[in-house]
>>> print(open('entry.cif').read())   # mmCIF, C-alpha atoms
data_input
loop_
_atom_site.label_atom_id
_atom_site.label_comp_id
_atom_site.auth_asym_id
_atom_site.auth_seq_id
_atom_site.Cartn_x
_atom_site.Cartn_y
_atom_site.Cartn_z
CA MET A 1 0.00 0.00 0.00
CA LYS A 2 1.24 3.43 -0.95
CA LEU A 3 0.64 6.65 0.98
CA GLN A 4 -0.20 9.77 -1.03
CA ILE A 5 -0.06 13.20 0.54
CA ALA A 6 -2.62 15.58 -1.00
CA ILE A 7 -1.51 19.21 -0.94
CA ASP A 8 -4.53 21.46 -1.42
CA THR A 9 -3.54 24.65 0.37
CA GLY A 10 -1.08 27.42 -0.51
CA GLY A 11 0.77 27.59 -3.79
CA GLY A 12 3.75 25.92 -5.45
CA ARG A 13 6.25 27.39 -3.00
CA GLU A 14 4.39 26.08 0.04
CA ALA A 15 3.94 22.71 -1.68
CA LEU A 16 7.68 22.50 -2.26
CA GLU A 17 8.33 23.15 1.44
CA ILE A 18 6.08 20.21 2.29
CA VAL A 19 7.89 18.00 -0.21
CA ASP A 20 11.22 19.12 1.25
CA ALA A 21 10.06 17.64 4.54
CA VAL A 22 8.79 14.28 3.27
CA TYR A 23 10.30 13.52 -0.18
CA ASP A 24 12.28 10.54 1.11
CA ILE A 25 9.43 8.88 3.02
CA ILE A 26 6.32 9.59 0.93
CA ASP A 27 5.17 7.36 -1.94
CA ILE A 28 3.19 9.90 -3.97
CA VAL A 29 2.87 13.69 -3.75
CA GLU A 30 -0.46 15.05 -4.96
CA VAL A 31 -0.64 18.56 -6.36
CA GLY A 32 -4.28 19.20 -5.47
CA THR A 33 -6.98 20.73 -7.65
CA PRO A 34 -7.08 24.04 -5.73
CA LEU A 35 -3.33 24.54 -6.37
CA ILE A 36 -3.78 23.78 -10.07
CA LEU A 37 -6.71 26.21 -10.20
CA ARG A 38 -4.56 28.94 -8.69
CA GLU A 39 -1.25 28.32 -10.42
CA GLY A 40 -1.84 25.83 -13.21
CA LEU A 41 0.70 23.05 -13.69
CA ALA A 42 3.63 25.16 -12.44
CA PRO A 43 3.68 23.49 -8.98
CA VAL A 44 4.00 20.06 -10.65
CA ALA A 45 6.99 21.26 -12.67
CA LEU A 46 8.52 22.93 -9.61
CA ILE A 47 8.40 19.75 -7.55
CA LYS A 48 9.63 17.48 -10.36
CA LYS A 49 12.53 19.84 -11.08
CA LYS A 50 13.84 19.57 -7.52
CA TYR A 51 12.76 15.96 -6.90
CA PRO A 52 12.71 14.10 -10.23
CA ARG A 53 12.44 10.74 -8.45
CA VAL A 54 9.38 11.68 -6.39
CA SER A 55 6.15 10.40 -7.90
CA VAL A 56 3.81 13.35 -8.50
CA LEU A 57 0.07 13.08 -9.09
CA ALA A 58 -1.59 16.07 -10.74
CA ASP A 59 -5.20 16.17 -9.56
CA THR A 60 -6.45 17.57 -12.85
CA LYS A 61 -9.93 15.99 -12.59
CA ILE A 62 -10.18 15.97 -16.37
CA VAL A 63 -13.76 15.71 -17.69
CA ASP A 64 -13.29 16.78 -21.32
CA GLY A 65 -10.49 17.42 -23.80
CA GLY A 66 -8.80 14.31 -22.45
CA GLY A 67 -5.90 14.03 -24.87
CA VAL A 68 -4.74 17.64 -24.69
CA GLU A 69 -5.21 18.11 -20.95
CA CYS A 70 -3.51 14.84 -20.06
CA ALA A 71 -0.55 15.54 -22.36
CA ASP A 72 -0.16 19.01 -20.81
CA ALA A 73 -0.05 17.49 -17.32
CA CYS A 74 2.43 14.79 -18.39
CA ASN A 75 4.62 17.37 -20.12
CA ALA A 76 4.70 19.35 -16.88
CA GLY A 77 6.08 16.22 -15.21
CA ALA A 78 3.07 14.46 -13.72
CA ASP A 79 3.57 10.73 -13.15
CA ILE A 80 -0.13 10.18 -12.49
CA VAL A 81 -2.99 12.23 -13.95
CA THR A 82 -6.59 12.14 -12.72
CA VAL A 83 -9.80 11.95 -14.73
CA LEU A 84 -13.36 12.01 -13.40
CA ALA A 85 -14.81 8.51 -13.68
CA LEU A 86 -18.13 9.98 -14.82
CA SER A 87 -16.53 11.52 -17.92
CA CYS A 88 -17.68 10.09 -21.23
CA GLU A 89 -15.89 7.01 -22.56
CA ALA A 90 -14.10 9.00 -25.27
CA THR A 91 -12.56 11.32 -22.69
CA ILE A 92 -11.39 8.52 -20.43
CA ARG A 93 -9.92 6.56 -23.32
CA ALA A 94 -8.16 9.71 -24.58
CA VAL A 95 -6.64 10.36 -21.15
CA VAL A 96 -5.45 6.75 -20.86
CA ALA A 97 -3.97 6.78 -24.37
CA ALA A 98 -2.12 10.07 -23.78
CA ALA A 99 -0.77 8.96 -20.40
CA HIS A 100 0.31 5.48 -21.46
CA LYS A 101 2.02 6.86 -24.57
CA MET A 102 4.30 8.78 -22.19
CA ASP A 103 4.59 5.84 -19.76
CA ARG A 104 2.50 7.63 -17.11
CA LYS A 105 -0.52 6.41 -15.15
CA VAL A 106 -4.16 7.44 -14.81
CA LEU A 107 -6.27 7.57 -11.68
CA ALA A 108 -10.04 7.78 -12.17
CA ASP A 109 -11.87 9.61 -9.40
CA LEU A 110 -15.30 8.12 -8.61
CA ILE A 111 -16.57 11.37 -7.04
CA SER A 112 -20.35 11.73 -7.58
CA VAL A 113 -20.62 8.24 -9.13
CA ASP A 114 -23.66 6.39 -7.78
CA ASP A 115 -23.08 2.87 -9.06
CA ILE A 116 -19.49 2.27 -7.93
CA PRO A 117 -19.18 -1.43 -8.92
CA ARG A 118 -20.54 -0.85 -12.43
CA ARG A 119 -18.52 2.27 -13.18
CA SER A 120 -15.29 0.97 -11.65
CA LYS A 121 -15.48 -2.16 -13.80
CA LEU A 122 -15.75 0.07 -16.86
CA MET A 123 -12.66 1.97 -15.65
CA GLU A 124 -10.80 -1.37 -15.52
CA LYS A 125 -12.03 -2.25 -19.01
CA TRP A 126 -10.82 1.12 -20.34
CA GLU A 127 -7.37 0.41 -18.86
CA VAL A 128 -7.36 3.03 -16.14
CA ASP A 129 -4.50 2.24 -13.73
CA TYR A 130 -6.04 3.32 -10.42
CA ILE A 131 -9.65 3.84 -9.39
CA ALA A 132 -10.38 5.97 -6.34
CA VAL A 133 -13.41 6.33 -4.15
CA HIS A 134 -13.55 9.91 -2.98
CA THR A 135 -15.83 11.62 -0.48
CA PRO A 136 -15.85 15.34 -1.34
CA VAL A 137 -14.49 17.72 1.31
CA ASP A 138 -17.83 19.51 1.17
CA ALA A 139 -19.68 16.26 1.98
CA GLN A 140 -17.26 15.24 4.76
CA GLN A 141 -18.65 18.13 6.78
CA GLY A 142 -21.95 16.25 6.85
CA GLY A 143 -20.15 13.27 8.44
CA ARG A 144 -19.73 11.12 5.32
CA THR A 145 -16.65 8.92 4.95
CA PRO A 146 -15.43 6.85 1.99
CA LEU A 147 -15.27 3.56 3.95
CA GLY A 148 -18.49 2.05 2.61
CA ASP A 149 -17.53 3.16 -0.88
CA LEU A 150 -14.11 1.48 -0.56
CA LYS A 151 -15.78 -1.77 0.49
CA GLN A 152 -17.96 -1.62 -2.64
CA LEU A 153 -14.94 -0.80 -4.81
CA SER A 154 -12.80 -3.58 -3.34
CA GLY A 155 -15.56 -6.04 -4.06
CA ALA A 156 -15.72 -5.00 -7.71
CA ILE A 157 -12.14 -4.60 -8.94
CA SER A 158 -8.61 -5.76 -8.20
CA SER A 159 -7.39 -4.22 -4.94
CA GLN A 160 -4.14 -3.42 -6.75
CA LYS A 161 -6.05 -0.71 -8.58
CA ALA A 162 -8.07 0.66 -5.67
CA ALA A 163 -7.44 4.01 -4.02
CA VAL A 164 -9.28 5.93 -1.32
CA ALA A 165 -9.54 9.63 -0.48
CA GLY A 166 -11.73 11.81 1.67
CA GLY A 167 -10.81 12.73 5.21
CA VAL A 168 -8.47 9.80 5.96
CA ASN A 169 -6.68 10.46 9.26
CA ALA A 170 -4.66 8.66 11.95
CA SER A 171 -7.77 7.33 13.70
CA SER A 172 -9.44 5.99 10.53
CA VAL A 173 -6.51 4.88 8.38
CA LYS A 174 -6.40 1.33 9.78
CA ASP A 175 -9.99 0.72 8.66
CA TYR A 176 -9.00 1.65 5.10
CA ALA A 177 -5.69 -0.21 5.22
CA ALA A 178 -7.50 -3.36 6.31
CA LEU A 179 -9.09 -3.40 2.84
CA HIS A 180 -5.61 -3.29 1.21
CA PRO A 181 -6.10 -0.61 -1.45
CA ALA A 182 -3.12 0.24 -3.65
CA ILE A 183 -3.11 3.89 -2.57
CA ILE A 184 -4.33 5.63 0.57
CA ILE A 185 -4.66 9.38 0.11
CA ALA A 186 -4.53 11.73 3.08
CA GLY A 187 -4.63 15.51 2.92
CA ALA A 188 -5.43 17.84 5.81
CA SER A 189 -4.59 15.25 8.48
CA LEU A 190 -0.98 15.29 7.24
CA VAL A 191 -0.55 18.76 5.76
CA LYS A 192 -2.07 20.57 8.75
CA ALA A 193 -0.19 18.50 11.34
CA PRO A 194 2.25 20.48 13.52
CA ASP A 195 5.03 18.14 12.32
CA ILE A 196 4.23 16.88 8.81
CA ARG A 197 7.14 14.44 8.62
CA ARG A 198 6.17 12.86 11.91
CA ALA A 199 2.51 12.63 10.83
CA VAL A 200 3.55 10.87 7.61
CA LEU A 201 5.79 8.42 9.46
CA GLU A 202 3.03 7.63 11.94
CA MET A 203 0.48 7.06 9.20
CA LYS A 204 2.90 4.82 7.29
CA SER A 205 3.47 2.81 10.42
CA LEU A 206 -0.29 2.39 10.93
CA ILE A 207 -0.66 1.29 7.31
CA ASN A 208 2.17 -1.22 7.66
CA GLU A 209 0.64 -2.65 10.82
CA ALA A 210 -2.64 -3.23 9.02
CA ALA A 211 -0.83 -4.69 6.01
CA ASN A 212 0.80 -7.32 8.18
CA GLN A 213 -2.42 -8.41 9.84
CA MET B 214 -29.25 36.10 -25.94
CA LYS B 215 -25.59 36.56 -25.14
CA LEU B 216 -22.66 35.18 -27.12
CA GLN B 217 -19.77 33.70 -25.15
CA ILE B 218 -16.43 33.01 -26.82
CA ALA B 219 -14.66 30.02 -25.26
CA ILE B 220 -10.87 30.26 -25.43
CA ASP B 221 -9.35 26.82 -24.92
CA THR B 222 -6.07 27.03 -26.81
CA GLY B 223 -2.81 28.80 -26.07
CA GLY B 224 -2.13 30.64 -22.84
CA GLY B 225 -3.01 33.97 -21.25
CA ARG B 226 -1.10 36.00 -23.80
CA GLU B 227 -2.88 34.42 -26.76
CA ALA B 228 -6.20 34.80 -24.95
CA LEU B 229 -5.53 38.49 -24.47
CA GLU B 230 -4.87 38.88 -28.20
CA ILE B 231 -8.27 37.35 -28.92
CA VAL B 232 -9.93 39.67 -26.42
CA ASP B 233 -8.12 42.63 -28.00
CA ALA B 234 -9.93 41.76 -31.23
CA VAL B 235 -13.44 41.33 -29.83
CA TYR B 236 -13.74 43.03 -26.42
CA ASP B 237 -16.25 45.62 -27.69
CA ILE B 238 -18.55 43.17 -29.47
CA ILE B 239 -18.51 40.04 -27.30
CA ASP B 240 -20.85 39.51 -24.35
CA ILE B 241 -18.77 37.05 -22.31
CA VAL B 242 -15.16 35.85 -22.62
CA GLU B 243 -14.56 32.32 -21.34
CA VAL B 244 -11.15 31.39 -20.02
CA GLY B 245 -11.38 27.68 -20.83
CA THR B 246 -10.45 24.76 -18.60
CA PRO B 247 -7.29 23.84 -20.59
CA LEU B 248 -5.95 27.40 -20.06
CA ILE B 249 -6.68 27.22 -16.35
CA LEU B 250 -4.97 23.83 -16.19
CA ARG B 251 -1.87 25.25 -17.84
CA GLU B 252 -1.66 28.66 -16.19
CA GLY B 253 -4.14 28.73 -13.33
CA LEU B 254 -6.26 31.85 -12.86
CA ALA B 255 -3.58 34.19 -14.23
CA PRO B 256 -5.28 34.53 -17.66
CA VAL B 257 -8.50 35.66 -15.92
CA ALA B 258 -6.60 38.36 -14.02
CA LEU B 259 -4.71 39.39 -17.16
CA ILE B 260 -7.91 39.94 -19.15
CA LYS B 261 -9.74 41.73 -16.32
CA LYS B 262 -6.77 44.03 -15.75
CA LYS B 263 -6.84 45.27 -19.34
CA TYR B 264 -10.60 45.04 -19.83
CA PRO B 265 -12.32 45.50 -16.46
CA ARG B 266 -15.70 45.94 -18.14
CA VAL B 267 -15.56 42.72 -20.15
CA SER B 268 -17.49 39.91 -18.51
CA VAL B 269 -15.15 36.97 -17.90
CA LEU B 270 -16.24 33.41 -17.19
CA ALA B 271 -13.66 31.13 -15.55
CA ASP B 272 -14.42 27.56 -16.64
CA THR B 273 -13.24 26.13 -13.35
CA LYS B 274 -15.59 23.09 -13.46
CA ILE B 275 -15.54 22.94 -9.66
CA VAL B 276 -16.57 19.54 -8.25
CA ASP B 277 -15.32 19.85 -4.64
CA GLY B 278 -13.99 22.47 -2.25
CA GLY B 279 -16.67 24.81 -3.59
CA GLY B 280 -16.20 27.76 -1.26
CA VAL B 281 -12.43 28.06 -1.57
CA GLU B 282 -12.19 27.40 -5.29
CA CYS B 283 -15.01 29.78 -6.16
CA ALA B 284 -13.57 32.55 -3.96
CA ASP B 285 -10.16 32.10 -5.62
CA ALA B 286 -11.72 32.48 -9.06
CA CYS B 287 -13.75 35.53 -8.01
CA ASN B 288 -10.70 37.12 -6.41
CA ALA B 289 -8.84 36.66 -9.70
CA GLY B 290 -11.62 38.67 -11.33
CA ALA B 291 -14.08 36.12 -12.70
CA ASP B 292 -17.62 37.45 -13.19
CA ILE B 293 -19.00 33.94 -13.71
CA VAL B 294 -17.61 30.73 -12.22
CA THR B 295 -18.56 27.22 -13.35
CA VAL B 296 -19.41 24.19 -11.23
CA LEU B 297 -20.22 20.68 -12.43
CA ALA B 298 -23.95 20.07 -12.05
CA LEU B 299 -23.24 16.54 -10.84
CA SER B 300 -21.28 17.80 -7.82
CA CYS B 301 -22.84 17.10 -4.44
CA GLU B 302 -25.39 19.58 -3.10
CA ALA B 303 -22.97 20.94 -0.48
CA THR B 304 -20.42 21.83 -3.17
CA ILE B 305 -22.95 23.57 -5.40
CA ARG B 306 -24.43 25.52 -2.51
CA ALA B 307 -20.93 26.55 -1.37
CA VAL B 308 -20.05 27.79 -4.86
CA VAL B 309 -23.31 29.76 -5.11
CA ALA B 310 -22.82 31.28 -1.65
CA ALA B 311 -19.23 32.32 -2.37
CA ALA B 312 -20.10 33.81 -5.77
CA HIS B 313 -23.22 35.67 -4.65
CA LYS B 314 -21.37 37.10 -1.64
CA MET B 315 -19.06 38.83 -4.13
CA ASP B 316 -21.92 39.70 -6.49
CA ARG B 317 -20.74 37.20 -9.11
CA LYS B 318 -22.67 34.51 -10.96
CA VAL B 319 -22.51 30.72 -11.21
CA LEU B 320 -22.97 28.55 -14.27
CA ALA B 321 -23.61 24.85 -13.68
CA ASP B 322 -22.33 22.58 -16.43
CA LEU B 323 -24.57 19.56 -17.09
CA ILE B 324 -21.75 17.55 -18.70
CA SER B 325 -22.25 13.79 -18.05
CA VAL B 326 -25.66 14.37 -16.40
CA ASP B 327 -28.21 11.81 -17.61
CA ASP B 328 -31.46 13.21 -16.26
CA ILE B 329 -31.26 16.81 -17.48
CA PRO B 330 -34.74 17.98 -16.43
CA ARG B 331 -34.40 16.63 -12.89
CA ARG B 332 -30.88 17.88 -12.28
CA SER B 333 -31.44 21.29 -13.86
CA LYS B 334 -34.49 21.87 -11.64
CA LEU B 335 -32.27 21.18 -8.62
CA MET B 336 -29.77 23.71 -9.97
CA GLU B 337 -32.58 26.30 -10.09
CA LYS B 338 -33.63 25.38 -6.55
CA TRP B 339 -30.05 25.81 -5.33
CA GLU B 340 -29.97 29.29 -6.91
CA VAL B 341 -27.50 28.64 -9.68
CA ASP B 342 -27.70 31.54 -12.17
CA TYR B 343 -27.08 29.71 -15.44
CA ILE B 344 -27.43 26.06 -16.37
CA ALA B 345 -25.62 24.78 -19.44
CA VAL B 346 -26.03 21.70 -21.56
CA HIS B 347 -22.60 20.71 -22.82
CA THR B 348 -21.53 18.06 -25.28
CA PRO B 349 -17.89 17.21 -24.51
CA VAL B 350 -15.35 17.93 -27.25
CA ASP B 351 -14.35 14.28 -27.05
CA ALA B 352 -17.97 13.20 -27.74
CA GLN B 353 -18.48 15.71 -30.57
CA GLN B 354 -16.05 13.66 -32.60
CA GLY B 355 -18.63 10.87 -32.51
CA GLY B 356 -21.16 13.26 -34.08
CA ARG B 357 -23.08 14.24 -30.94
CA THR B 358 -24.51 17.75 -30.62
CA PRO B 359 -26.17 19.47 -27.64
CA LEU B 360 -29.40 20.34 -29.54
CA GLY B 361 -31.57 17.59 -28.07
CA ASP B 362 -30.17 18.34 -24.62
CA LEU B 363 -31.01 22.05 -25.00
CA LYS B 364 -34.59 21.14 -25.93
CA GLN B 365 -34.84 19.06 -22.75
CA LEU B 366 -33.30 21.86 -20.67
CA SER B 367 -35.56 24.54 -22.15
CA GLY B 368 -38.57 22.43 -21.29
CA ALA B 369 -37.47 22.13 -17.66
CA ILE B 370 -36.22 25.55 -16.55
CA SER B 371 -36.59 29.24 -17.37
CA SER B 372 -34.89 30.00 -20.70
CA GLN B 373 -33.32 33.03 -19.01
CA LYS B 374 -31.06 30.59 -17.19
CA ALA B 375 -30.28 28.23 -20.07
CA ALA B 376 -26.92 28.04 -21.81
CA VAL B 377 -25.56 25.75 -24.49
CA ALA B 378 -22.04 24.63 -25.41
CA GLY B 379 -20.49 21.95 -27.55
CA GLY B 380 -19.49 22.55 -31.15
CA VAL B 381 -21.82 25.48 -31.90
CA ASN B 382 -20.89 26.99 -35.27
CA ALA B 383 -22.24 29.30 -37.96
CA SER B 384 -24.32 26.54 -39.57
CA SER B 385 -25.89 25.30 -36.34
CA VAL B 386 -26.24 28.47 -34.25
CA LYS B 387 -29.72 29.34 -35.57
CA ASP B 388 -31.10 26.01 -34.32
CA TYR B 389 -29.87 26.84 -30.82
CA ALA B 390 -30.92 30.50 -30.98
CA ALA B 391 -34.44 29.42 -31.95
CA LEU B 392 -34.73 27.98 -28.43
CA HIS B 393 -33.78 31.36 -26.90
CA PRO B 394 -31.19 30.33 -24.30
CA ALA B 395 -29.61 33.10 -22.22
CA ILE B 396 -26.09 32.25 -23.40
CA ILE B 397 -24.77 30.59 -26.53
CA ILE B 398 -21.18 29.41 -26.15
CA ALA B 399 -18.95 28.94 -29.18
CA GLY B 400 -15.30 27.99 -29.10
CA ALA B 401 -13.30 26.60 -32.01
CA SER B 402 -15.72 27.95 -34.66
CA LEU B 403 -14.80 31.48 -33.54
CA VAL B 404 -11.30 31.14 -32.15
CA LYS B 405 -9.97 29.18 -35.12
CA ALA B 406 -11.64 31.43 -37.72
CA PRO B 407 -9.23 33.30 -40.04
CA ASP B 408 -10.83 36.58 -38.85
CA ILE B 409 -12.12 36.16 -35.30
CA ARG B 410 -13.82 39.56 -35.13
CA ARG B 411 -15.70 38.89 -38.34
CA ALA B 412 -16.73 35.41 -37.16
CA VAL B 413 -18.10 36.89 -33.92
CA LEU B 414 -20.03 39.60 -35.79
CA GLU B 415 -21.51 37.03 -38.18
CA MET B 416 -22.56 34.74 -35.34
CA LYS B 417 -24.12 37.64 -33.43
CA SER B 418 -26.05 38.58 -36.55
CA LEU B 419 -27.34 35.02 -36.94
CA ILE B 420 -28.38 35.00 -33.27
CA ASN B 421 -30.19 38.32 -33.64
CA GLU B 422 -32.03 37.07 -36.72
CA ALA B 423 -33.28 34.06 -34.81
CA ALA B 424 -34.19 36.22 -31.80
CA ASN B 425 -36.46 38.35 -33.97
CA GLN B 426 -38.29 35.43 -35.51
#
>>> encode(input="entry.cif", output="structure tokens")
Amino acid sequence: MKLQIAIDTGGGREALEIVDAVYDIIDIVEVGTPLILREGLAPVALIKKKYPRVSVLADTKIVDGGGVECADACNAGADIVTVLALSCEATIRAVVAAAHKMDRKVLADLISVDDIPRRSKLMEKWEVDYIAVHTPVDAQQGGRTPLGDLKQLSGAISSQKAAVAGGVNASSVKDYAALHPAIIIAGASLVKAPDIRRAVLEMKSLINEAANQ
Amino acid sequence: MKLQIAIDTGGGREALEIVDAVYDIIDIVEVGTPLILREGLAPVALIKKKYPRVSVLADTKIVDGGGVECADACNAGADIVTVLALSCEATIRAVVAAAHKMDRKVLADLISVDDIPRRSKLMEKWEVDYIAVHTPVDAQQGGRTPLGDLKQLSGAISSQKAAVAGGVNASSVKDYAALHPAIIIAGASLVKAPDIRRAVLEMKSLINEAANQ
């Protein structure tokens, strides 16, 4: 299981400071959608320039113009590009083709998808590399978590392709890790910790404990 | 009926050149999603700085983090911000609240929504200002157009809130204009024309003809 840190606050400079603190212990660094909205793909390029070996996910949430948008993200240095799972087939196939041509990977975000098993199987068929259940930040405030969604996803596709995002923190991470997804994504619980490096190490240790059970 | 020019190619500098050519005859300038992906909100700020009176739509396609992302776009100068209609209620309400607080407007994009009448009525209920049917670029290549979708939308909500996007050009614009949406959005057919100003004037004339019929 890989741990992905989602950086949604600040800009490229602040993101780089976070990567400075965790580059050697984190599996994937996510440049979050709010950063891309503010600064475009520049933060991706900034991180890859300093840390070419760190795996960077650009949370582009592509929903149209798949070929062009995915190629732009890959050219900026993204190792993984995201597409909304509810995009039309042509968009998803275009994103996958553009990413695979450059030896990069695609994560499909199931946000707002009702029928998770059905849609995630289509993602597999269309050769998406990772498929993530994702409880929106705005819905987390109503108490929702992605645990039930991850159970549905794990029952439908290979766990080697499953990912989970949406409020994962130190108290809940073991429940997710017990389902053995490929990627566990945590944002605020790491980024807003007083000591980010320590928070990452603790979460990795919790994930490893669950992996060995 | 307003005409919106969607600028999806190039960067902020190229977008500004297009606006230089049409600022006095266009109703709304759209800074397209691919531009935002590449350069963030900088192109919005660039256009508003030179043309503060031109109405600028930032095609942010927000699907989470509604309050923060909408405020960022408004602070950059966007007059209209877009949200995906299939976002969760909390996200859409947060986008509307953030935009209205700054006296800006919200356009909900119905891309990938199956039940257009049902979802567009919810958009009205949640006080979204404009609701757009939108055939993805990637689906247009399979021959799809948004005409049937616009008919469905016009039957469900006030035409003063309806908008249409997805391959609108000089040969098809009259069919859309006959349904009297508030906004007609055209991209490539204007931006890739040999004379962009002339193409905009011609399309406006076609829209006005239809409006008077």
>>> atom_distance(input="entry.cif", atom1="CA of Lys318 in chain B", atom2="CA of Ala376 in chain B")
13.3 Å
>>> residues_around(input="entry.cif", residues="Asp72 in chain A", least_positions_apart="4", cutoff="8 Å", atoms="all atoms listed in the file", output="list in words")
Val68 and Ala76 of chain A; Arg251 of chain B
>>> resolve_selection(input="entry.cif", expression="the PyMOL selection byres ((chain B) within 10 of (chain A))", output="count of residues only")
47
>>> resolve_selection(input="entry.cif", expression="the PyMOL selection byres ((chain A and resi 127-131) around 7)", output="PyMOL selection string")
chain A and resi 96+105-109+120+123-126+132-133+161-163
>>> atom_distance(input="entry.cif", atom1="CA of Arg197 in chain A", atom2="CA of Ile7 in chain A")
13.7 Å
>>> residues_around(input="entry.cif", residues="Ala383 in chain B", least_positions_apart="3", cutoff="8 Å", atoms="all atoms listed in the file", output="PyMOL selection string")
chain B and resi 386-387+402+415-416+419
